[in-house]
file query-v4.cif (mmCIF, C-alpha atoms and all ligand atoms)
data_final
#
loop_
_atom_site.group_PDB
_atom_site.id
_atom_site.type_symbol
_atom_site.label_atom_id
_atom_site.label_comp_id
_atom_site.auth_asym_id
_atom_site.auth_seq_id
_atom_site.Cartn_x
_atom_site.Cartn_y
_atom_site.Cartn_z
ATOM 1 C CA MET A 25 2.563 0.800 -25.275
ATOM 2 C CA VAL A 26 0.365 -0.392 -22.433
ATOM 3 C CA ARG A 27 -0.143 2.131 -19.672
ATOM 4 C CA LYS A 28 -2.268 0.905 -16.797
ATOM 5 C CA THR A 29 -5.434 2.942 -16.421
ATOM 6 C CA LEU A 30 -5.577 4.952 -13.191
ATOM 7 C CA ILE A 31 -8.954 5.966 -11.801
ATOM 8 C CA ALA A 32 -8.248 8.549 -9.111
ATOM 9 C CA GLY A 33 -10.756 10.294 -6.869
ATOM 10 C CA ASN A 34 -9.955 13.757 -5.557
ATOM 11 C CA TRP A 35 -12.403 14.233 -2.711
ATOM 12 C CA LYS A 36 -11.277 17.861 -2.215
ATOM 13 C CA MET A 37 -12.630 19.401 1.040
ATOM 14 C CA ASN A 38 -15.529 16.990 1.331
ATOM 15 C CA CYS A 39 -16.721 14.280 3.729
ATOM 16 C CA HIS A 40 -16.703 13.970 7.477
ATOM 17 C CA LEU A 41 -15.615 10.931 9.434
ATOM 18 C CA GLU A 42 -18.708 8.804 9.033
ATOM 19 C CA ASP A 43 -19.542 9.451 5.389
ATOM 20 C CA GLY A 44 -15.845 9.357 4.482
ATOM 21 C CA ILE A 45 -15.500 5.866 5.932
ATOM 22 C CA THR A 46 -18.700 4.738 4.214
ATOM 23 C CA LEU A 47 -17.460 6.106 0.875
ATOM 24 C CA ALA A 48 -14.012 4.528 1.179
ATOM 25 C CA LYS A 49 -15.490 1.170 2.191
ATOM 26 C CA GLY A 50 -18.003 1.320 -0.632
ATOM 27 C CA VAL A 51 -15.309 2.010 -3.223
ATOM 28 C CA ALA A 52 -13.175 -0.839 -1.869
ATOM 29 C CA GLN A 53 -16.086 -3.306 -1.948
ATOM 30 C CA GLU A 54 -17.426 -2.384 -5.378
ATOM 31 C CA ALA A 55 -13.937 -2.242 -6.893
ATOM 32 C CA LYS A 56 -13.460 -5.822 -5.770
ATOM 33 C CA LYS A 57 -16.832 -7.014 -7.053
ATOM 34 C CA ARG A 58 -17.271 -5.205 -10.328
ATOM 35 C CA ALA A 59 -14.404 -3.197 -11.616
ATOM 36 C CA ARG A 60 -11.960 -4.338 -14.251
ATOM 37 C CA LYS A 61 -8.955 -6.132 -12.874
ATOM 38 C CA ASP A 62 -6.441 -4.253 -14.975
ATOM 39 C CA CYS A 63 -7.039 -0.740 -13.753
ATOM 40 C CA GLU A 64 -5.751 0.938 -10.619
ATOM 41 C CA PHE A 65 -7.875 2.768 -8.080
ATOM 42 C CA LEU A 66 -6.841 5.657 -5.908
ATOM 43 C CA ILE A 67 -8.763 7.776 -3.437
ATOM 44 C CA CYS A 68 -7.426 11.101 -2.165
ATOM 45 C CA PRO A 69 -9.454 12.174 0.888
ATOM 46 C CA PRO A 70 -8.674 15.309 2.917
ATOM 47 C CA PHE A 71 -5.847 14.995 5.476
ATOM 48 C CA THR A 72 -8.310 14.548 8.345
ATOM 49 C CA LEU A 73 -9.678 11.339 6.830
ATOM 50 C CA LEU A 74 -6.484 9.665 5.662
ATOM 51 C CA MET A 75 -6.100 7.435 8.702
ATOM 52 C CA ALA A 76 -9.734 6.353 8.728
ATOM 53 C CA ALA A 77 -9.738 5.822 4.971
ATOM 54 C CA LYS A 78 -6.588 3.730 5.224
ATOM 55 C CA LYS A 79 -8.378 1.387 7.630
ATOM 56 C CA ALA A 80 -11.510 1.339 5.494
ATOM 57 C CA ILE A 81 -9.652 0.222 2.346
ATOM 58 C CA LYS A 82 -7.229 -2.148 4.092
ATOM 59 C CA GLY A 83 -6.667 -5.337 2.136
ATOM 60 C CA SER A 84 -8.450 -3.989 -0.950
ATOM 61 C CA ARG A 85 -7.056 -2.958 -4.334
ATOM 62 C CA VAL A 86 -7.734 0.719 -3.646
ATOM 63 C CA MET A 87 -4.702 2.924 -2.973
ATOM 64 C CA LEU A 88 -4.511 5.982 -0.730
ATOM 65 C CA GLY A 89 -3.305 9.449 -1.673
ATOM 66 C CA ALA A 90 -3.269 12.984 -0.271
ATOM 67 C CA GLN A 91 -4.198 16.237 -1.980
ATOM 68 C CA ASP A 92 -1.090 18.296 -1.223
ATOM 69 C CA CYS A 93 2.157 18.324 0.752
ATOM 70 C CA HIS A 94 4.935 20.664 1.821
ATOM 71 C CA PHE A 95 8.412 20.287 0.321
ATOM 72 C CA ALA A 96 10.218 20.156 3.667
ATOM 73 C CA ALA A 97 10.529 16.940 5.668
ATOM 74 C CA SER A 98 9.708 18.694 8.969
ATOM 75 C CA GLY A 99 10.061 22.032 10.696
ATOM 76 C CA ALA A 100 8.313 25.302 11.454
ATOM 77 C CA HIS A 101 5.547 25.165 8.840
ATOM 78 C CA THR A 102 2.294 25.677 10.699
ATOM 79 C CA GLY A 103 -0.612 23.918 9.062
ATOM 80 C CA ASP A 104 1.503 21.981 6.589
ATOM 81 C CA VAL A 105 2.064 18.262 6.153
ATOM 82 C CA SER A 106 5.292 16.715 4.864
ATOM 83 C CA PRO A 107 5.654 13.932 2.292
ATOM 84 C CA GLN A 108 7.259 11.730 4.949
ATOM 85 C CA MET A 109 4.187 12.149 7.171
ATOM 86 C CA LEU A 110 1.966 11.055 4.302
ATOM 87 C CA LYS A 111 4.173 8.076 3.639
ATOM 88 C CA ASP A 112 3.949 7.134 7.350
ATOM 89 C CA LEU A 113 0.184 7.135 7.050
ATOM 90 C CA GLY A 114 0.248 4.663 4.185
ATOM 91 C CA CYS A 115 -0.202 7.079 1.297
ATOM 92 C CA GLN A 116 1.225 5.950 -2.022
ATOM 93 C CA TYR A 117 0.343 9.088 -3.951
ATOM 94 C CA VAL A 118 0.055 12.820 -3.478
ATOM 95 C CA ILE A 119 -1.577 15.345 -5.793
ATOM 96 C CA VAL A 120 0.407 18.551 -6.307
ATOM 97 C CA GLY A 121 -0.331 21.703 -8.257
ATOM 98 C CA HIS A 122 -4.092 21.341 -8.468
ATOM 99 C CA SER A 123 -5.555 24.478 -10.041
ATOM 100 C CA GLU A 124 -7.464 25.171 -6.833
ATOM 101 C CA ARG A 125 -4.119 25.396 -5.034
ATOM 102 C CA ARG A 126 -2.484 27.337 -7.849
ATOM 103 C CA THR A 127 -5.338 29.866 -7.635
ATOM 104 C CA ASN A 128 -6.373 29.916 -3.972
ATOM 105 C CA HIS A 129 -2.886 29.515 -2.506
ATOM 106 C CA TYR A 130 -0.917 31.285 -5.232
ATOM 107 C CA GLU A 131 1.245 28.223 -5.901
ATOM 108 C CA SER A 132 3.852 28.707 -8.604
ATOM 109 C CA ASP A 133 5.333 26.125 -10.971
ATOM 110 C CA GLU A 134 8.573 26.421 -9.029
ATOM 111 C CA LEU A 135 6.920 25.626 -5.705
ATOM 112 C CA ILE A 136 4.999 22.726 -7.242
ATOM 113 C CA ALA A 137 8.232 21.274 -8.656
ATOM 114 C CA LYS A 138 9.807 21.491 -5.185
ATOM 115 C CA LYS A 139 6.838 19.704 -3.629
ATOM 116 C CA ALA A 140 6.832 17.019 -6.323
ATOM 117 C CA SER A 141 10.573 16.481 -6.042
ATOM 118 C CA ALA A 142 10.404 16.126 -2.246
ATOM 119 C CA ALA A 143 7.447 13.755 -2.451
ATOM 120 C CA ILE A 144 9.307 11.544 -4.940
ATOM 121 C CA GLU A 145 12.367 11.601 -2.671
ATOM 122 C CA ALA A 146 10.150 10.432 0.174
ATOM 123 C CA GLY A 147 8.978 7.480 -1.908
ATOM 124 C CA LEU A 148 5.578 8.782 -2.938
ATOM 125 C CA LYS A 149 4.188 8.919 -6.454
ATOM 126 C CA VAL A 150 2.981 12.324 -7.559
ATOM 127 C CA ILE A 151 0.065 13.484 -9.650
ATOM 128 C CA ILE A 152 1.052 16.869 -11.075
ATOM 129 C CA CYS A 153 -1.918 18.903 -12.287
ATOM 130 C CA ILE A 154 -1.835 21.327 -15.182
ATOM 131 C CA GLY A 155 -4.465 23.058 -17.299
ATOM 132 C CA GLU A 156 -5.541 26.319 -18.853
ATOM 133 C CA THR A 157 -8.191 28.832 -17.801
ATOM 134 C CA GLU A 158 -11.143 29.685 -20.006
ATOM 135 C CA LYS A 159 -9.519 32.968 -21.016
ATOM 136 C CA GLU A 160 -6.326 31.200 -22.012
ATOM 137 C CA ARG A 161 -8.298 28.696 -24.044
ATOM 138 C CA ASP A 162 -10.218 31.484 -25.797
ATOM 139 C CA GLU A 163 -6.872 33.058 -26.677
ATOM 140 C CA ASN A 164 -5.661 29.726 -28.143
ATOM 141 C CA LYS A 165 -2.983 29.452 -25.481
ATOM 142 C CA THR A 166 -3.848 25.969 -24.166
ATOM 143 C CA ILE A 167 -0.732 24.180 -25.439
ATOM 144 C CA GLU A 168 1.517 27.108 -24.526
ATOM 145 C CA VAL A 169 0.170 27.208 -20.955
ATOM 146 C CA CYS A 170 0.421 23.438 -20.501
ATOM 147 C CA THR A 171 3.960 23.445 -21.892
ATOM 148 C CA THR A 172 5.062 26.168 -19.470
ATOM 149 C CA GLN A 173 3.425 24.366 -16.557
ATOM 150 C CA ILE A 174 5.062 21.034 -17.415
ATOM 151 C CA MET A 175 8.491 22.561 -17.959
ATOM 152 C CA GLY A 176 8.197 24.468 -14.670
ATOM 153 C CA SER A 177 6.384 22.080 -12.338
ATOM 154 C CA VAL A 178 7.686 18.640 -13.300
ATOM 155 C CA PRO A 179 10.909 18.080 -11.339
ATOM 156 C CA GLU A 180 14.171 16.605 -12.624
ATOM 157 C CA ASN A 181 13.704 13.378 -10.648
ATOM 158 C CA ALA A 182 10.334 12.624 -12.296
ATOM 159 C CA THR A 183 10.044 9.345 -14.192
ATOM 160 C CA ALA A 184 7.158 7.381 -15.678
ATOM 161 C CA GLN A 185 7.211 5.206 -12.549
ATOM 162 C CA ASN A 186 6.912 7.975 -9.969
ATOM 163 C CA THR A 187 4.921 10.650 -11.801
ATOM 164 C CA VAL A 188 1.476 11.002 -13.345
ATOM 165 C CA ILE A 189 0.297 14.141 -15.131
ATOM 166 C CA ALA A 190 -3.322 15.266 -14.806
ATOM 167 C CA TYR A 191 -4.628 17.581 -17.499
ATOM 168 C CA GLU A 192 -7.493 19.525 -15.971
ATOM 169 C CA PRO A 193 -8.822 22.474 -17.951
ATOM 170 C CA VAL A 194 -9.753 24.917 -15.189
ATOM 171 C CA TRP A 195 -13.015 25.863 -16.907
ATOM 172 C CA ALA A 196 -14.109 22.219 -16.971
ATOM 173 C CA ILE A 197 -13.688 21.632 -13.236
ATOM 174 C CA GLY A 198 -17.020 21.311 -11.476
ATOM 175 C CA THR A 199 -18.871 23.051 -14.300
ATOM 176 C CA GLY A 200 -20.294 20.125 -16.259
ATOM 177 C CA LYS A 201 -18.426 21.423 -19.320
ATOM 178 C CA THR A 202 -15.780 19.328 -21.055
ATOM 179 C CA PRO A 203 -13.593 19.904 -24.111
ATOM 180 C CA THR A 204 -14.392 17.872 -27.204
ATOM 181 C CA SER A 205 -12.734 14.473 -27.371
ATOM 182 C CA GLN A 206 -10.558 15.719 -30.208
ATOM 183 C CA ASP A 207 -9.381 18.650 -28.083
ATOM 184 C CA VAL A 208 -8.584 16.361 -25.146
ATOM 185 C CA GLU A 209 -6.620 13.970 -27.357
ATOM 186 C CA ASP A 210 -4.749 16.848 -29.027
ATOM 187 C CA VAL A 211 -3.720 18.346 -25.686
ATOM 188 C CA HIS A 212 -2.717 14.962 -24.219
ATOM 189 C CA ALA A 213 -0.613 14.166 -27.278
ATOM 190 C CA ALA A 214 1.029 17.593 -27.018
ATOM 191 C CA ILE A 215 1.703 17.033 -23.311
ATOM 192 C CA ARG A 216 3.379 13.723 -24.125
ATOM 193 C CA LYS A 217 5.652 15.514 -26.605
ATOM 194 C CA VAL A 218 6.663 18.080 -23.997
ATOM 195 C CA ILE A 219 7.385 15.314 -21.477
ATOM 196 C CA SER A 220 9.521 13.640 -24.114
ATOM 197 C CA LYS A 221 11.498 16.826 -24.517
ATOM 198 C CA LYS A 222 11.933 17.173 -20.769
ATOM 199 C CA LEU A 223 12.367 13.589 -19.594
ATOM 200 C CA GLY A 224 13.113 11.586 -22.736
ATOM 201 C CA ARG A 225 11.036 9.422 -25.037
ATOM 202 C CA ALA A 226 10.977 6.311 -22.875
ATOM 203 C CA ASN A 227 9.495 8.211 -19.927
ATOM 204 C CA ALA A 228 7.031 10.026 -22.165
ATOM 205 C CA ASN A 229 5.761 6.800 -23.704
ATOM 206 C CA LYS A 230 5.224 5.170 -20.322
ATOM 207 C CA MET A 231 3.997 8.143 -18.285
ATOM 208 C CA ARG A 232 0.292 8.223 -17.544
ATOM 209 C CA ILE A 233 -1.654 11.343 -18.428
ATOM 210 C CA LEU A 234 -5.054 11.574 -16.755
ATOM 211 C CA TYR A 235 -7.930 13.780 -17.811
ATOM 212 C CA GLY A 236 -9.837 15.689 -15.118
ATOM 213 C CA GLY A 237 -12.778 18.086 -15.270
ATOM 214 C CA SER A 238 -16.444 17.057 -15.059
ATOM 215 C CA MET A 239 -15.725 13.414 -15.797
ATOM 216 C CA LYS A 240 -18.797 11.303 -15.100
ATOM 217 C CA PRO A 241 -20.219 7.921 -16.133
ATOM 218 C CA SER A 242 -21.943 9.407 -19.191
ATOM 219 C CA ASN A 243 -18.779 10.887 -20.760
ATOM 220 C CA ALA A 244 -16.145 8.525 -19.320
ATOM 221 C CA LYS A 245 -16.214 5.997 -22.121
ATOM 222 C CA GLU A 246 -15.467 8.548 -24.793
ATOM 223 C CA LEU A 247 -12.751 10.295 -22.775
ATOM 224 C CA LEU A 248 -11.040 7.211 -21.344
ATOM 225 C CA ASN A 249 -10.811 5.463 -24.677
ATOM 226 C CA LEU A 250 -8.763 8.196 -26.318
ATOM 227 C CA PRO A 251 -5.264 6.914 -27.169
ATOM 228 C CA ASP A 252 -3.355 9.341 -24.936
ATOM 229 C CA VAL A 253 -5.772 9.369 -22.002
ATOM 230 C CA ASP A 254 -4.615 6.933 -19.334
ATOM 231 C CA GLY A 255 -7.233 7.454 -16.683
ATOM 232 C CA GLY A 256 -9.164 10.126 -14.846
ATOM 233 C CA LEU A 257 -8.775 12.485 -11.923
ATOM 234 C CA ILE A 258 -12.329 12.729 -10.731
ATOM 235 C CA GLY A 259 -13.774 15.301 -8.345
ATOM 236 C CA GLY A 260 -17.537 15.418 -7.829
ATOM 237 C CA ALA A 261 -18.247 11.966 -9.243
ATOM 238 C CA SER A 262 -15.676 10.371 -6.911
ATOM 239 C CA LEU A 263 -17.943 11.189 -3.968
ATOM 240 C CA LYS A 264 -20.527 8.641 -5.150
ATOM 241 C CA VAL A 265 -19.458 5.008 -5.120
ATOM 242 C CA GLU A 266 -21.715 4.124 -8.026
ATOM 243 C CA ASP A 267 -20.430 6.908 -10.291
ATOM 244 C CA PHE A 268 -16.790 6.331 -9.442
ATOM 245 C CA ILE A 269 -16.984 2.615 -10.183
ATOM 246 C CA ALA A 270 -19.111 3.172 -13.287
ATOM 247 C CA ILE A 271 -16.382 5.459 -14.650
ATOM 248 C CA SER A 272 -13.831 2.685 -14.213
ATOM 249 C CA GLU A 273 -16.112 0.269 -16.046
ATOM 250 C CA ALA A 274 -16.126 2.630 -18.999
ATOM 251 C CA SER A 275 -12.349 2.736 -19.245
ATOM 252 C CA LYS A 276 -10.259 1.102 -21.968
ATOM 253 C CA GLN A 277 -11.175 -2.514 -22.578
HETATM 254 P P1 LIG A 301 -14.772 17.639 -11.079
HETATM 255 O O1 LIG A 301 -14.709 16.179 -11.503
HETATM 256 O O2 LIG A 301 -15.685 17.878 -9.927
HETATM 257 O O3 LIG A 301 -14.997 18.536 -12.239
HETATM 258 O O4 LIG A 301 -13.302 17.981 -10.501
HETATM 259 C C1 LIG A 301 -12.193 17.654 -11.237
HETATM 260 C C2 LIG A 301 -10.996 17.893 -10.407
HETATM 261 O O5 LIG A 301 -10.665 19.031 -10.108
HETATM 262 C C3 LIG A 301 -10.240 16.718 -9.945
HETATM 263 O O6 LIG A 301 -9.020 17.080 -9.404
#
call {"tool": "encode", "arguments": {"input": "query-v4.cif", "output": "structure tokens", "more": "lines below"}}
Ligand code: 13P
result
Amino acid sequence: MVRKTLIAGNWKMNCHLEDGITLAKGVAQEAKKRARKDCEFLICPPFTLLMAAKKAIKGSRVMLGAQDCHFAASGAHTGDVSPQMLKDLGCQYVIVGHSERRTNHYESDELIAKKASAAIEAGLKVIICIGETEKERDENKTIEVCTTQIMGSVPENATAQNTVIAYEPVWAIGTGKTPTSQDVEDVHAAIRKVISKKLGRANANKMRILYGGSMKPSNAKELLNLPDVDGGLIGGASLKVEDFIAISEASKQ
């Protein structure tokens, strides 16, 4: 089963206009020059930079995504952005259910499923994030937590074509810590089984499952070459052109 590697950068709440444009342009240029032809690139800047980033990557192989959306198409939702608005802007992807939103904005699996479903309806692809906290890991609840999150936050209209899962252990995000390769592979394989139960075997075999959490050039090769790891959702290292591209170079050959 060949699943195309996806190297996705989650810029989080970083970059202003000038450095955001420089970063997006740099990724587009280096991806053209150096990176493997058979992997996909995605950058997810903050809302304020989407338009500028779209122009900066125009004509390149780099795709554009957002970091969140509302589930409604329009209406009285101050501060929110709808999937249709993101689509208008040229986004192909949207991240939903990142642990920083689950924690800081109290987002539930149910809400995340509604967002994902609406984004798919609007023609976007979704990256649905899941992952356990350090406490949950210490209590050996990793698979249980990921199972609950998948069952609750992956919507009924999800398919391998419109949905990507990102496994991001919360304790590995921005900490420099990562699980062992064996642990990552075990969790990814378990996630694939749960997807199979929810969406059928064909979808499970084709759906991409990314790893996220302190991925960097020095550990990318080991992580990205695991059988059930189909790419990375990269935070800190996506803010440096060199690191982001180097990660892609380390991916499955
Ligand atoms: P870091 O790569 O900075 O650990 O962030 C991972 C992440 O949260 C991507 O969504």
call {"tool": "resolve_selection", "arguments": {"input": "query-v4.cif", "expression": "the PyMOL selection byres (((chain A and resi 222-232) around 6) and not hetatm)", "output": "CSV table (one decimal) with C-alpha atoms, in the frame of the given file"}}
result
chain,number,residue,atom,x,y,z
A,183,THR,CA,10.0,9.3,-14.2
A,184,ALA,CA,7.2,7.4,-15.7
A,188,VAL,CA,1.5,11.0,-13.3
A,216,ARG,CA,3.4,13.7,-24.1
A,219,ILE,CA,7.4,15.3,-21.5
A,220,SER,CA,9.5,13.6,-24.1
A,221,LYS,CA,11.5,16.8,-24.5
A,233,ILE,CA,-1.7,11.3,-18.4
A,254,ASP,CA,-4.6,6.9,-19.3
call {"tool": "residues_near_ligand", "arguments": {"input": "query-v4.cif", "ligand": "ligand LIG 301 (chain A)", "cutoff": "9 Å", "atoms": "all atoms listed in the file", "output": "PyMOL selection string"}}
result
chain A and resi 32-36+91+119+122-124+153+190+192-202+235-240+256-262
call {"tool": "residues_around", "arguments": {"input": "query-v4.cif", "residues": "Lys139 (chain A)", "least_positions_apart": "4", "cutoff": "10 Å", "atoms": "only C-alpha atoms", "output": "mmCIF file with C-alpha atoms, in the coordinates of the input"}}
result
data_model
loop_
_atom_site.group_PDB
_atom_site.id
_atom_site.type_symbol
_atom_site.label_atom_id
_atom_site.label_comp_id
_atom_site.auth_asym_id
_atom_site.auth_seq_id
_atom_site.Cartn_x
_atom_site.Cartn_y
_atom_site.Cartn_z
ATOM 1 C CA ASP A 92 -1.090 18.296 -1.223
ATOM 2 C CA CYS A 93 2.157 18.324 0.752
ATOM 3 C CA HIS A 94 4.935 20.664 1.821
ATOM 4 C CA PHE A 95 8.412 20.287 0.321
ATOM 5 C CA ALA A 96 10.218 20.156 3.667
ATOM 6 C CA SER A 106 5.292 16.715 4.864
ATOM 7 C CA PRO A 107 5.654 13.932 2.292
ATOM 8 C CA VAL A 118 0.055 12.820 -3.478
ATOM 9 C CA ILE A 119 -1.577 15.345 -5.793
ATOM 10 C CA VAL A 120 0.407 18.551 -6.307
ATOM 11 C CA GLY A 121 -0.331 21.703 -8.257
ATOM 12 C CA ASP A 133 5.333 26.125 -10.971
ATOM 13 C CA GLU A 134 8.573 26.421 -9.029
ATOM 14 C CA LEU A 135 6.920 25.626 -5.705
ATOM 15 C CA ALA A 143 7.447 13.755 -2.451
ATOM 16 C CA ILE A 144 9.307 11.544 -4.940
ATOM 17 C CA GLU A 145 12.367 11.601 -2.671
ATOM 18 C CA VAL A 150 2.981 12.324 -7.559
ATOM 19 C CA ILE A 152 1.052 16.869 -11.075
ATOM 20 C CA SER A 177 6.384 22.080 -12.338
ATOM 21 C CA VAL A 178 7.686 18.640 -13.300
ATOM 22 C CA PRO A 179 10.909 18.080 -11.339
#
call {"tool": "residues_around", "arguments": {"input": "query-v4.cif", "residues": "Gly89 (chain A)", "least_positions_apart": "4", "cutoff": "6 Å", "atoms": "only C-alpha atoms", "output": "number ranges by chain"}}
result
A: 67-68, 115-118
call {"tool": "atom_distance", "arguments": {"input": "query-v4.cif", "atom1": "CA of Asp267 (chain A)", "atom2": "CA of Arg27 (chain A)"}}
result
22.9 Å
call {"tool": "residues_around", "arguments": {"input": "query-v4.cif", "residues": "Gln108 (chain A)", "least_positions_apart": "4", "cutoff": "8 Å", "atoms": "all atoms listed in the file", "output": "list of chain:residue names"}}
result
A:Ala97, A:Asp112, A:Ala143, A:Ala146
call {"tool": "atom_distance", "arguments": {"input": "query-v4.cif", "atom1": "CA of Glu42 (chain A)", "atom2": "CA of Leu66 (chain A)"}}
result
19.3 Å
call {"tool": "axis_aligned_box", "arguments": {"input": "query-v4.cif", "around": "region 131-149 of chain A", "padding_each_side": "5 Å", "output": "JSON"}}
result
{"center_x": 6.8, "center_y": 18.1, "center_z": -5.4, "size_x": 21.1, "size_y": 31.2, "size_z": 21.1}
call {"tool": "atom_distance", "arguments": {"input": "query-v4.cif", "atom1": "CA of Ser272 (chain A)", "atom2": "CA of Asn249 (chain A)"}}
result
11.2 Å
call {"tool": "closest_residue", "arguments": {"input": "query-v4.cif", "among": "A:Lys149, A:Lys245, A:Lys264, A:Arg58", "to": "Ala182 (chain A)", "atoms": "all atoms listed in the file"}}
result
A:Lys149
call {"tool": "resolve_selection", "arguments": {"input": "query-v4.cif", "expression": "the PyMOL selection byres (((chain A and resi 274) around 12) and not hetatm)", "output": "ChimeraX atom specification"}}
result
/A:29,31,58-60,63,239-250,255-256,267-273,275-277
call {"tool": "closest_residue", "arguments": {"input": "query-v4.cif", "among": "A:Lys217, A:Lys111, A:Lys165, A:His129", "to": "Lys78 (chain A)", "atoms": "only C-alpha atoms"}}
result
A:Lys111
call {"tool": "resolve_selection", "arguments": {"input": "query-v4.cif", "expression": "the PyMOL selection byres (((chain A and resi 44) around 10) and not hetatm)", "output": "PyMOL selection string"}}
result
chain A and resi 35+38-43+45-50+69-70+72-74+76-77+80+263
call {"tool": "closest_residue", "arguments": {"input": "query-v4.cif", "among": "A:Glu163, A:Glu158, A:Glu131, A:Asp252", "to": "Ser205 (chain A)", "atoms": "all atoms listed in the file"}}
result
A:Asp252
call {"tool": "decode", "arguments": {"input": "query-v4.cif", "residues": "region 41-47 of chain A", "atoms": "all heavy atoms", "output": "mmCIF file, in the first residue's frame"}}
result
data_model
loop_
_atom_site.group_PDB
_atom_site.id
_atom_site.type_symbol
_atom_site.label_atom_id
_atom_site.label_comp_id
_atom_site.auth_asym_id
_atom_site.auth_seq_id
_atom_site.Cartn_x
_atom_site.Cartn_y
_atom_site.Cartn_z
ATOM 1 N N LEU A 41 3.993 39.563 8.903
ATOM 2 C CA LEU A 41 3.858 39.592 7.444
ATOM 3 C C LEU A 41 5.183 39.321 6.724
ATOM 4 O O LEU A 41 5.268 38.417 5.886
ATOM 5 C CB LEU A 41 3.272 40.944 7.032
ATOM 6 C CG LEU A 41 2.775 41.054 5.602
ATOM 7 C CD1 LEU A 41 1.784 39.946 5.276
ATOM 8 C CD2 LEU A 41 2.121 42.404 5.388
ATOM 9 N N GLU A 42 6.212 40.071 7.110
ATOM 10 C CA GLU A 42 7.447 39.974 6.336
ATOM 11 C C GLU A 42 8.137 38.623 6.485
ATOM 12 O O GLU A 42 8.483 37.974 5.494
ATOM 13 C CB GLU A 42 8.390 41.091 6.774
ATOM 14 C CG GLU A 42 9.232 41.598 5.640
ATOM 15 C CD GLU A 42 9.930 42.882 6.035
ATOM 16 O OE1 GLU A 42 9.227 43.841 6.455
ATOM 17 O OE2 GLU A 42 11.155 42.909 5.982
ATOM 18 N N ASP A 43 8.303 38.175 7.730
ATOM 19 C CA ASP A 43 9.000 36.884 7.894
ATOM 20 C C ASP A 43 8.132 35.713 7.439
ATOM 21 O O ASP A 43 8.643 34.685 6.989
ATOM 22 C CB ASP A 43 9.552 36.683 9.316
ATOM 23 C CG ASP A 43 8.539 36.908 10.407
ATOM 24 O OD1 ASP A 43 7.623 37.712 10.204
ATOM 25 O OD2 ASP A 43 8.655 36.272 11.467
ATOM 26 N N GLY A 44 6.805 35.889 7.499
ATOM 27 C CA GLY A 44 5.916 34.835 7.008
ATOM 28 C C GLY A 44 6.057 34.656 5.502
ATOM 29 O O GLY A 44 6.119 33.530 4.997
ATOM 30 N N ILE A 45 6.138 35.766 4.800
ATOM 31 C CA ILE A 45 6.299 35.708 3.334
ATOM 32 C C ILE A 45 7.663 35.094 2.994
ATOM 33 O O ILE A 45 7.776 34.229 2.124
ATOM 34 C CB ILE A 45 6.146 37.112 2.704
ATOM 35 C CG1 ILE A 45 4.692 37.587 2.843
ATOM 36 C CG2 ILE A 45 6.565 37.111 1.238
ATOM 37 C CD1 ILE A 45 4.443 39.026 2.441
ATOM 38 N N THR A 46 8.690 35.533 3.711
ATOM 39 C CA THR A 46 10.032 34.995 3.460
ATOM 40 C C THR A 46 10.054 33.484 3.692
ATOM 41 O O THR A 46 10.619 32.724 2.895
ATOM 42 C CB THR A 46 11.063 35.673 4.409
ATOM 43 O OG1 THR A 46 10.950 37.080 4.213
ATOM 44 C CG2 THR A 46 12.476 35.219 4.129
ATOM 45 N N LEU A 47 9.414 33.043 4.769
ATOM 46 C CA LEU A 47 9.390 31.604 5.089
ATOM 47 C C LEU A 47 8.628 30.823 4.009
ATOM 48 O O LEU A 47 9.111 29.798 3.513
ATOM 49 C CB LEU A 47 8.742 31.409 6.467
ATOM 50 C CG LEU A 47 8.528 29.984 6.963
ATOM 51 C CD1 LEU A 47 9.838 29.199 6.983
ATOM 52 C CD2 LEU A 47 7.905 30.004 8.375
#
